[in-house]
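Here's structure.cif, which has mmCIF, C-alpha atoms:
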data_entry
#
loop_
_atom_site.group_PDB
_atom_site.id
_atom_site.type_symbol
_atom_site.label_atom_id
_atom_site.label_comp_id
_atom_site.auth_asym_id
_atom_site.auth_seq_id
_atom_site.Cartn_x
_atom_site.Cartn_y
_atom_site.Cartn_z
ATOM 1 C CA MET A 1090 -69.494 20.715 13.436
ATOM 2 C CA ASN A 1091 -71.798 21.876 10.645
ATOM 3 C CA LEU A 1092 -69.659 23.931 8.272
ATOM 4 C CA GLU A 1093 -72.731 25.551 6.741
ATOM 5 C CA THR A 1094 -73.479 27.347 9.998
ATOM 6 C CA VAL A 1095 -69.938 28.137 11.173
ATOM 7 C CA MET A 1096 -69.378 31.864 10.819
ATOM 8 C CA THR A 1097 -66.699 32.982 13.293
ATOM 9 C CA PRO A 1098 -63.618 31.493 14.954
ATOM 10 C CA ALA A 1099 -65.569 31.334 18.224
ATOM 11 C CA ASP A 1100 -68.163 29.131 16.499
ATOM 12 C CA ILE A 1101 -65.417 26.617 15.733
ATOM 13 C CA LEU A 1102 -63.476 26.871 18.999
ATOM 14 C CA PRO A 1103 -65.110 28.906 21.756
ATOM 15 C CA ASP A 1104 -62.858 30.696 24.254
ATOM 16 C CA ASN A 1105 -63.094 27.842 26.756
ATOM 17 C CA ILE A 1106 -62.084 25.148 24.214
ATOM 18 C CA ASN A 1107 -58.443 24.850 23.100
ATOM 19 C CA THR A 1108 -58.491 21.765 20.872
ATOM 20 C CA ILE A 1109 -60.687 20.026 18.343
ATOM 21 C CA ASP A 1110 -60.713 16.365 17.389
ATOM 22 C CA SER A 1111 -60.512 16.233 13.608
ATOM 23 C CA GLY A 1112 -60.695 12.689 12.308
ATOM 24 C CA GLY A 1113 -58.954 11.329 15.394
ATOM 25 C CA LEU A 1114 -56.197 13.953 15.315
ATOM 26 C CA LEU A 1115 -56.201 16.452 18.157
ATOM 27 C CA VAL A 1116 -55.666 19.920 16.649
ATOM 28 C CA ARG A 1117 -54.760 22.731 19.001
ATOM 29 C CA LYS A 1118 -56.200 26.241 18.741
ATOM 30 C CA GLY A 1119 -53.644 28.438 16.988
ATOM 31 C CA SER A 1120 -52.197 25.662 14.808
ATOM 32 C CA VAL A 1121 -53.055 27.392 11.527
ATOM 33 C CA ALA A 1122 -51.567 30.685 12.734
ATOM 34 C CA ALA A 1123 -48.429 28.869 13.906
ATOM 35 C CA PHE A 1124 -48.130 27.135 10.517
ATOM 36 C CA LEU A 1125 -48.360 30.493 8.736
ATOM 37 C CA GLY A 1126 -45.828 32.061 11.085
ATOM 38 C CA LYS A 1127 -43.335 29.271 10.434
ATOM 39 C CA ALA A 1128 -43.931 29.575 6.678
ATOM 40 C CA PHE A 1129 -43.125 33.298 6.812
ATOM 41 C CA ILE A 1130 -39.895 32.565 8.694
ATOM 42 C CA LEU A 1131 -38.857 29.989 6.083
ATOM 43 C CA ASP A 1132 -39.323 32.617 3.369
ATOM 44 C CA ASP A 1133 -37.414 35.299 5.293
ATOM 45 C CA ALA A 1134 -33.962 35.698 3.761
ATOM 46 C CA GLN A 1135 -32.898 37.638 6.878
ATOM 47 C CA ALA A 1136 -33.685 34.748 9.249
ATOM 48 C CA SER A 1137 -30.682 32.867 10.614
ATOM 49 C CA GLU A 1138 -30.045 29.252 9.638
ATOM 50 C CA ALA A 1139 -30.878 28.167 13.184
ATOM 51 C CA THR A 1140 -34.171 30.058 13.120
ATOM 52 C CA ARG A 1141 -35.049 28.631 9.718
ATOM 53 C CA ALA A 1142 -34.154 25.084 10.848
ATOM 54 C CA GLU A 1143 -36.384 25.456 13.913
ATOM 55 C CA ALA A 1144 -39.197 26.854 11.743
ATOM 56 C CA GLU A 1145 -38.909 23.909 9.341
ATOM 57 C CA ARG A 1146 -38.990 21.403 12.195
ATOM 58 C CA ASP A 1147 -42.053 23.085 13.702
ATOM 59 C CA LEU A 1148 -43.787 23.374 10.322
ATOM 60 C CA ARG A 1149 -43.230 19.668 9.661
ATOM 61 C CA ALA A 1150 -44.727 18.871 13.075
ATOM 62 C CA LEU A 1151 -47.813 20.933 12.172
ATOM 63 C CA LEU A 1152 -48.298 19.301 8.758
ATOM 64 C CA PRO A 1153 -50.490 16.392 9.917
ATOM 65 C CA ALA A 1154 -52.966 18.881 11.396
ATOM 66 C CA MET A 1155 -52.859 21.085 8.280
ATOM 67 C CA ARG A 1156 -53.502 18.037 6.106
ATOM 68 C CA GLN A 1157 -56.358 16.886 8.329
ATOM 69 C CA LEU A 1158 -57.899 20.378 8.190
ATOM 70 C CA ARG A 1159 -57.253 20.366 4.408
ATOM 71 C CA ILE A 1160 -55.347 23.655 4.565
ATOM 72 C CA VAL A 1161 -52.805 22.378 2.027
ATOM 73 C CA ASP A 1162 -55.652 21.265 -0.268
ATOM 74 C CA VAL A 1163 -57.685 24.466 -0.150
ATOM 75 C CA PHE A 1164 -54.863 27.023 -0.346
ATOM 76 C CA THR A 1165 -52.069 27.187 -2.896
ATOM 77 C CA LEU A 1166 -48.713 27.253 -1.139
ATOM 78 C CA LYS A 1167 -46.830 29.917 -3.100
ATOM 79 C CA SER A 1168 -43.680 29.546 -1.057
ATOM 80 C CA GLU A 1169 -41.452 27.085 -2.901
ATOM 81 C CA ILE A 1170 -39.844 25.986 0.353
ATOM 82 C CA VAL A 1171 -43.131 25.388 2.154
ATOM 83 C CA HIS A 1172 -44.649 23.699 -0.910
ATOM 84 C CA ARG A 1173 -41.678 21.344 -1.148
ATOM 85 C CA ILE A 1174 -41.926 20.462 2.553
ATOM 86 C CA ALA A 1175 -45.717 20.052 2.491
ATOM 87 C CA HIS A 1176 -45.752 17.911 -0.618
ATOM 88 C CA GLY A 1177 -42.611 15.910 0.104
ATOM 89 C CA ALA A 1178 -40.647 17.018 -2.940
#
I need this file expressed as structure tokens, please.
Amino acid sequence: MNLETVMTPADILPDNINTIDSGGLLVRKGSVAAFLGKAFILDDAQASEATRAEAERDLRALLPAMRQLRIVDVFTLKSEIVHRIAHGA
């Protein structure tokens, strides 16, 4: 994948492709959106403990893909909870 020519999501993952191999790690389409969704749940004071625990578990499972895609390197994680989880503090 040449990042200089990638312009749209379909250029990265066309409709008929659901995963990408990134450095030997299979990353599923929608992983970044799922990571963001789980981060929002962790920051939601109205979310139940069970919902927050599930969101944390899912977010942790997505971290290897986010690290491989360098999401946690490119973007500043403003959420203290998500930052702590992502950076192991």
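Nearest to A:Ser1168 of all the residues A:Val1116, A:Ala1123, A:Ala1128, A:Leu1152 is A:Ala1128, counting all atoms listed in the file.
When you apply the PyMOL selection byres ((chain A and resi 1124) around 9) to this structure, what comes back is Gly1119, Ser1120, Val1121, Ala1122, Ala1123, Leu1125, Gly1126, Lys1127, Ala1128, Phe1129, Asp1147, Leu1148, Arg1149, Leu1151, Leu1152 and Met1155 of chain A.
Here atom CA of A:Val1161 and atom CA of A:Asn1105 stand 27.3 Å from one another.
Here, the PyMOL selection byres ((chain A and resi 1130) around 10) matches A:Leu1125, A:Gly1126, A:Lys1127, A:Ala1128, A:Phe1129, A:Leu1131, A:Asp1132, A:Asp1133, A:Ala1134, A:Gln1135, A:Ala1136, A:Ser1137, A:Thr1140, A:Arg1141, A:Ala1142, A:Glu1143, A:Ala1144, A:Glu1145.
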Extract, using only C-alpha atoms, all DNA, RNA and protein residues at most 8 Å from A:Gln1157, discarding same-chain residues fewer than 5 positions from it, and format them as a short mmCIF file (atom, residue, chain, number, x, y, z; two decimals) with C-alpha atoms, in the frame of the given file.
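Once written, out-v8.cif looks like this:
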data_model
loop_
_atom_site.label_atom_id
_atom_site.label_comp_id
_atom_site.auth_asym_id
_atom_site.auth_seq_id
_atom_site.Cartn_x
_atom_site.Cartn_y
_atom_site.Cartn_z
CA SER A 1111 -60.51 16.23 13.61
CA GLY A 1112 -60.70 12.69 12.31
CA LEU A 1114 -56.20 13.95 15.32
#
Pick out the closest residue to A:Ile1174 from this set: A:Ala1139, A:Ala1150, A:Ile1109, A:Leu1115. Count only C-alpha atoms. A:Ala1150
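Proximity to A:Arg1146 was assessed for A:His1176, A:Ile1106, A:Val1171, A:Asp1100 counting only C-alpha atoms; the smallest distance is recorded for A:Val1171.
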Just how far from atom CA of A:Lys1118 is atom CA of A:Pro1098, in Å to one decimal? 9.8 Å
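Distance-wise, atom CA of A:Arg1117 and atom CA of A:Pro1103 end up 12.4 Å apart.
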Report as lines of an AutoDock Vina configuration file the centre and the edge lengths, in Å to one decimal, of the axis-aligned box holding every listed atom of stretch 1152-1167 of chain A, padded by 3 Å on each side.
center_x = -52.4
center_y = 23.2
center_z = 4.1
size_x = 17.1
size_y = 19.5
size_z = 20.5
